[in-house]
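Working notes for the structure below.
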Amino acid sequence: MYDFAVVGGGIVGLSTGMALYNRFPNAKVVVIEKEATVAEHQTGHNSGVIHSGIYYKPGSFKARFARQGSKSMTEFCKVHGIDHDICGKVIVATKEEELPLLDNLYNRGLENKLAIQKINVNELKEIEPHVNGLGAIRVPQAGIVNYRQVSEKFAEIIEQQGGEIKLNTKVLKIHEESDHATIDTNQGTLKARMVINCAGLHSDRIAAAAGYKTDMKIVPFRGEYFKLIPEKRHLVKHLIYPVPNPKFPFLGVHFTRMISGEVDAGPNAVLSFKREGYRKTDFNAKDLSEVLSYSGFWKLASKFMKEGMQEYVRSFSKKQFTKSLQELIPEIQEDDLIPAPAGVRAQALKDDGNMVDDFHIIMGERTIHVCNAPSPAATASIEIGKEVVNRVPEQFHLKQAAIQL
């Protein structure tokens, strides 16, 4: 019998496992992961940005977790010798009509208690000489890291505390009982006093496997990238982002200098025909039929039809993708771009077609379900883990205290 079973070996599940040991040092914890390695999906395909929280609604979990998470993630990397760089980023207005939006974003950043600066064209050119812009916000606390490396360190810490990480283990069903939960997997049955669902792209299915119906569904969006050829990496010194389009729920194409020294350009955002569909040709009939039969998806699609079609055009036209990038760096040419690995975002979508814009946690009898952990989940992973553990019911605290005595 385990005290806690965490479903999902991505960065959120592993940070939750680590937080459990911080709160309950004598607990018996297992992390269950269906793949052969940890951090195989969203975490392992992450852009590697340590976000500041400037974009998020003041007072939201996303804003608070990002602000606190950027600090705790940076400190964790320092303590454990993980390569990272707090290089900062600029958010650039390239058109006159974007300047009021830039002002709004700046004010939101101040509301979120961030030390940011409005900079003019000359100041922007000093930071990013090749960028085309009419004005910008400098966000010095943004940075880069390899989140797969962070996750592997989380896993190492869990195992050092006596925890187990069961790989190649897929959860099939969860049965809540009076004093424990039974977890049926492809590798046999496990029992735990409490189960915590951090399954990312499959979090809604794991909730359903435990008997919980939610008013949301995970819809996968693939983010497709190019990277700059080595000879053109000098065009990007830090992180370069556009002013977000308020009519579209994604950030738009941007430039990300990676901890490896490579420079990613993108992403666009298109519907993935498979929850773990990193290639255009990836297809899963069940995954796609769930999306296409979901009324919430069609309500979303009708709302953003124009913007969505532009994303698909960029997906199949390198020329159009390049044009989008040239708005920020005019020197970029098609030949400067080579394909880079894509990522898939697990976006929780409500029945009414609205995206779940914040972290969403559902409490069960013997289960806790992290049903939406969007970007900046990697940045905020340490803080999310703490928040999840803080929601462990009080009666479990009493039982754990009795065990420790």
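Please note that chains go A, B, ... in the order of the structure tokens, that every chain numbers its residues from 1, and that ligands are numbered from 1 in the order shown.
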At a cut-off of 10 Å, using only C-alpha atoms, what residues contact Val139 (chain A)? Leave out same-chain residues fewer than 2 positions from it and give the result as a ChimeraX atom specification.
/A:51-54,87-91,106,109,114-118,136-137,141-143,239
Using the chain letters and numbers from this document, which residues of region 142-190 of chain A does DSSP assign to strand (DSSP E), as a PyMOL selection string?
chain A and resi 143-145+164-166+171-176+181-185+188-190
Go ahead and save the picked residues with C-alpha atoms, as a JSON list (two decimals), in the first residue's frame.
[["chain", "number", "residue", "atom", "x", "y", "z"],
["A", 143, "GLY", "CA", 15.18, 32.84, -19.05],
["A", 144, "ILE", "CA", 15.89, 29.46, -20.63],
["A", 145, "VAL", "CA", 16.54, 25.95, -19.33],
["A", 164, "GLU", "CA", 9.40, 4.64, -6.77],
["A", 165, "ILE", "CA", 8.97, 5.56, -10.42],
["A", 166, "LYS", "CA", 7.16, 2.88, -12.38],
["A", 171, "VAL", "CA", -3.34, 3.41, -15.77],
["A", 172, "LEU", "CA", -6.55, 1.77, -16.94],
["A", 173, "LYS", "CA", -9.01, 2.32, -14.08],
["A", 174, "ILE", "CA", -9.12, 3.87, -10.63],
["A", 175, "HIS", "CA", -11.54, 2.67, -7.95],
["A", 176, "GLU", "CA", -12.05, 4.89, -4.90],
["A", 181, "ALA", "CA", -7.88, 3.79, -4.05],
["A", 182, "THR", "CA", -7.17, 0.81, -6.26],
["A", 183, "ILE", "CA", -5.31, 1.52, -9.51],
["A", 184, "ASP", "CA", -5.60, -1.01, -12.32],
["A", 185, "THR", "CA", -2.66, -0.82, -14.75],
["A", 188, "GLY", "CA", -1.03, -5.15, -12.40],
["A", 189, "THR", "CA", -2.92, -3.51, -9.56],
["A", 190, "LEU", "CA", -1.61, -0.92, -7.10]]
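With distances restricted to only C-alpha atoms, A:Ile368 is the closest residue to Ala210 (chain A) from A:Ile368, A:Ala346, A:Ile329, A:Val253.
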Which neighbours of Glu40 (chain A) fall inside 12 Å, counting only C-alpha atoms, when residues of the same chain fewer than 2 positions from it are skipped, and could you give them as a ChimeraX atom specification?
/A:8-11,33-38,42-46,147-149,151-152,167-168,199-201,276,278,343-344
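Among A:Pro374, A:Pro330, A:Pro220, A:Pro100, the residue with the shortest atom-to-atom distance to Leu288 (chain A), counting only C-alpha atoms, is A:Pro220.
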At a cut-off of 10 Å, using only C-alpha atoms, what residues contact Pro393 (chain A)? Leave out same-chain residues fewer than 5 positions from it and give the result as a PyMOL selection string.
chain A and resi 194+363+365-366+368+398
Option closest in space to Tyr312 (chain A), from A:Val243, A:Val121, A:Leu292, A:Val270 [counting only C-alpha atoms]
A:Val270
Please identify the alpha helix (DSSP H) residues within region 26-88 of chain A (assignment by DSSP from backbone atoms) and present them as a PyMOL selection string.
chain A and resi 61-80
As a ChimeraX atom specification, please: the residues near Thr94 (chain A) (cut-off 10 Å, only C-alpha atoms, same-chain neighbours under 4 positions excluded).
/A:98-99,131-136,242-243,327-328
Store the residues picked out above, limited to all heavy atoms, as a tab-separated table (two decimals), in the first residue's frame.
chain	number	residue	atom	x	y	z
A	98	GLU	N	-0.35	48.20	-32.64
A	98	GLU	CA	0.07	47.34	-31.51
A	98	GLU	C	0.57	48.14	-30.31
A	98	GLU	O	0.69	47.58	-29.22
A	98	GLU	CB	1.17	46.37	-31.96
A	98	GLU	CG	0.70	45.31	-32.94
A	98	GLU	CD	1.82	44.42	-33.42
A	98	GLU	OE1	2.99	44.78	-33.25
A	98	GLU	OE2	1.51	43.34	-33.97
A	99	LEU	N	0.83	49.42	-30.49
A	99	LEU	CA	1.39	50.21	-29.39
A	99	LEU	C	0.44	50.33	-28.20
A	99	LEU	O	0.87	50.19	-27.04
A	99	LEU	CB	1.81	51.59	-29.90
A	99	LEU	CG	3.03	51.58	-30.85
A	99	LEU	CD1	3.27	52.97	-31.44
A	99	LEU	CD2	4.27	51.11	-30.10
A	131	VAL	N	16.24	43.42	-34.79
A	131	VAL	CA	14.78	43.40	-34.64
A	131	VAL	C	14.16	44.68	-35.20
A	131	VAL	O	14.67	45.78	-34.99
A	131	VAL	CB	14.39	43.22	-33.16
A	131	VAL	CG1	12.91	43.52	-32.95
A	131	VAL	CG2	14.69	41.79	-32.72
A	132	ASN	N	13.05	44.50	-35.88
A	132	ASN	CA	12.25	45.62	-36.37
A	132	ASN	C	11.16	45.91	-35.35
A	132	ASN	O	10.36	45.02	-35.02
A	132	ASN	CB	11.62	45.25	-37.71
A	132	ASN	CG	10.56	46.25	-38.14
A	132	ASN	OD1	10.85	47.42	-38.28
A	132	ASN	ND2	9.34	45.76	-38.35
A	133	GLY	N	11.11	47.13	-34.82
A	133	GLY	CA	10.08	47.43	-33.84
A	133	GLY	C	9.88	48.92	-33.65
A	133	GLY	O	10.78	49.72	-33.92
A	134	LEU	N	8.69	49.29	-33.18
A	134	LEU	CA	8.37	50.68	-32.88
A	134	LEU	C	8.47	50.97	-31.39
A	134	LEU	O	8.45	52.12	-30.96
A	134	LEU	CB	6.95	51.00	-33.35
A	134	LEU	CG	6.67	50.77	-34.84
A	134	LEU	CD1	5.21	51.03	-35.14
A	134	LEU	CD2	7.58	51.64	-35.67
A	135	GLY	N	8.56	49.93	-30.60
A	135	GLY	CA	8.66	50.04	-29.15
A	135	GLY	C	8.62	48.64	-28.58
A	135	GLY	O	8.29	47.67	-29.28
A	136	ALA	N	8.99	48.52	-27.31
A	136	ALA	CA	9.06	47.17	-26.73
A	136	ALA	C	8.99	47.23	-25.21
A	136	ALA	O	9.13	48.30	-24.60
A	136	ALA	CB	10.34	46.47	-27.17
A	242	PRO	N	6.37	38.71	-30.11
A	242	PRO	CA	5.49	39.76	-30.62
A	242	PRO	C	4.49	40.18	-29.54
A	242	PRO	O	4.35	39.52	-28.51
A	242	PRO	CB	4.77	39.08	-31.77
A	242	PRO	CG	4.62	37.66	-31.28
A	242	PRO	CD	5.89	37.36	-30.51
A	243	VAL	N	3.79	41.26	-29.78
A	243	VAL	CA	2.65	41.60	-28.94
A	243	VAL	C	1.53	40.61	-29.24
A	243	VAL	O	1.18	40.41	-30.41
A	243	VAL	CB	2.17	43.04	-29.23
A	243	VAL	CG1	0.93	43.37	-28.40
A	243	VAL	CG2	3.29	44.03	-28.93
A	327	GLU	N	8.35	39.89	-39.76
A	327	GLU	CA	7.78	41.06	-39.08
A	327	GLU	C	8.65	41.47	-37.90
A	327	GLU	O	8.72	42.64	-37.55
A	327	GLU	CB	6.35	40.75	-38.62
A	327	GLU	CG	5.37	40.60	-39.77
A	327	GLU	CD	3.94	40.42	-39.29
A	327	GLU	OE1	3.67	40.73	-38.11
A	327	GLU	OE2	3.10	39.96	-40.09
A	328	LEU	N	9.30	40.48	-37.27
A	328	LEU	CA	10.20	40.78	-36.15
A	328	LEU	C	11.64	40.96	-36.60
A	328	LEU	O	12.33	41.87	-36.14
A	328	LEU	CB	10.13	39.64	-35.12
A	328	LEU	CG	8.86	39.58	-34.26
A	328	LEU	CD1	8.79	38.27	-33.49
A	328	LEU	CD2	8.80	40.77	-33.30
Close residues, Gly266 (chain A) itself excluded, 12 Å, only C-alpha atoms, min 6 positions apart in chain, as a PyMOL selection string:
chain A and resi 47+222-228+239-242+250-257+311+314-315+318+321-326+328+337-343
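When CA of Val263 (chain A) is paired with CA of Met73 (chain A), their separation reads 21.7 Å.
For the atom pair formed by CA of Asp215 (chain A) and CA of Asn186 (chain A), the distance is 27.9 Å, given to one decimal.
Every protein, DNA or RNA residue with an atom at most 9 Å from Ile196 (chain A), where only C-alpha atoms count and chain neighbours fewer than 3 positions away do not, is listed here: Phe4, Ala5, Val6, Val7, Gly8, Gly13, Thr16, Arg366, Thr367, Ile368, His369, Val370 and Val388 of chain A.
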Would you save the residues from that selection as a short mmCIF file (atom, residue, chain, number, x, y, z; two decimals), in the first residue's frame, using all heavy atoms?
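Listing of selection32.cif after writing:
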data_model
loop_
_atom_site.label_atom_id
_atom_site.label_comp_id
_atom_site.auth_asym_id
_atom_site.auth_seq_id
_atom_site.Cartn_x
_atom_site.Cartn_y
_atom_site.Cartn_z
N PHE A 4 0.81 7.68 -1.44
CA PHE A 4 0.41 8.51 -2.59
C PHE A 4 0.86 7.83 -3.87
O PHE A 4 1.98 7.32 -3.96
CB PHE A 4 1.07 9.89 -2.54
CG PHE A 4 0.67 10.72 -1.35
CD1 PHE A 4 1.49 10.79 -0.23
CD2 PHE A 4 -0.50 11.46 -1.36
CE1 PHE A 4 1.14 11.57 0.86
CE2 PHE A 4 -0.86 12.23 -0.27
CZ PHE A 4 -0.04 12.30 0.84
N ALA A 5 -0.01 7.85 -4.86
CA ALA A 5 0.35 7.45 -6.22
C ALA A 5 0.11 8.65 -7.13
O ALA A 5 -1.00 9.20 -7.16
CB ALA A 5 -0.47 6.25 -6.69
N VAL A 6 1.14 9.08 -7.84
CA VAL A 6 1.04 10.19 -8.78
C VAL A 6 1.00 9.62 -10.18
O VAL A 6 1.89 8.87 -10.58
CB VAL A 6 2.23 11.16 -8.64
CG1 VAL A 6 2.09 12.31 -9.64
CG2 VAL A 6 2.33 11.69 -7.22
N VAL A 7 -0.04 9.94 -10.94
CA VAL A 7 -0.17 9.46 -12.31
C VAL A 7 0.39 10.52 -13.25
O VAL A 7 -0.13 11.63 -13.33
CB VAL A 7 -1.64 9.17 -12.66
CG1 VAL A 7 -1.75 8.65 -14.10
CG2 VAL A 7 -2.24 8.16 -11.68
N GLY A 8 1.47 10.17 -13.94
CA GLY A 8 2.07 11.10 -14.89
C GLY A 8 3.49 11.45 -14.50
O GLY A 8 3.72 12.03 -13.42
N GLY A 13 3.89 16.11 -12.59
CA GLY A 13 3.78 14.93 -11.74
C GLY A 13 5.01 14.73 -10.88
O GLY A 13 4.92 14.42 -9.68
N THR A 16 5.20 17.27 -8.13
CA THR A 16 4.23 16.91 -7.09
C THR A 16 4.80 15.80 -6.20
O THR A 16 4.68 15.85 -4.97
CB THR A 16 2.91 16.47 -7.72
OG1 THR A 16 2.36 17.57 -8.48
CG2 THR A 16 1.91 16.03 -6.68
N ARG A 366 -10.77 10.18 -2.97
CA ARG A 366 -9.41 9.68 -2.72
C ARG A 366 -8.49 10.08 -3.87
O ARG A 366 -7.44 9.47 -4.06
CB ARG A 366 -9.44 8.16 -2.58
CG ARG A 366 -10.01 7.70 -1.25
CD ARG A 366 -8.93 7.60 -0.20
NE ARG A 366 -9.47 7.62 1.15
CZ ARG A 366 -8.72 7.68 2.24
NH1 ARG A 366 -7.41 7.74 2.14
NH2 ARG A 366 -9.27 7.69 3.44
N THR A 367 -8.90 11.07 -4.63
CA THR A 367 -8.13 11.50 -5.80
C THR A 367 -8.10 13.03 -5.90
O THR A 367 -9.01 13.71 -5.43
CB THR A 367 -8.74 10.94 -7.10
OG1 THR A 367 -10.13 11.30 -7.15
CG2 THR A 367 -8.59 9.43 -7.18
N ILE A 368 -7.03 13.52 -6.48
CA ILE A 368 -6.91 14.93 -6.86
C ILE A 368 -6.54 14.95 -8.33
O ILE A 368 -5.62 14.26 -8.76
CB ILE A 368 -5.82 15.66 -6.03
CG1 ILE A 368 -6.14 15.60 -4.53
CG2 ILE A 368 -5.67 17.11 -6.50
CD1 ILE A 368 -5.06 16.21 -3.65
N HIS A 369 -7.26 15.75 -9.12
CA HIS A 369 -7.07 15.76 -10.57
C HIS A 369 -6.62 17.15 -11.04
O HIS A 369 -7.38 18.12 -10.93
CB HIS A 369 -8.36 15.37 -11.28
CG HIS A 369 -8.87 14.02 -10.87
ND1 HIS A 369 -8.44 12.85 -11.45
CD2 HIS A 369 -9.75 13.66 -9.88
CE1 HIS A 369 -9.03 11.82 -10.86
NE2 HIS A 369 -9.84 12.28 -9.90
N VAL A 370 -5.39 17.22 -11.53
CA VAL A 370 -4.89 18.45 -12.15
C VAL A 370 -5.32 18.39 -13.61
O VAL A 370 -4.64 17.83 -14.46
CB VAL A 370 -3.36 18.56 -12.02
CG1 VAL A 370 -2.86 19.88 -12.60
CG2 VAL A 370 -2.93 18.42 -10.55
N VAL A 388 -0.75 21.58 -5.11
CA VAL A 388 -1.47 20.30 -5.10
C VAL A 388 -1.35 19.64 -3.74
O VAL A 388 -2.34 19.16 -3.18
CB VAL A 388 -0.93 19.38 -6.22
CG1 VAL A 388 -1.53 17.99 -6.09
CG2 VAL A 388 -1.24 19.96 -7.59
#
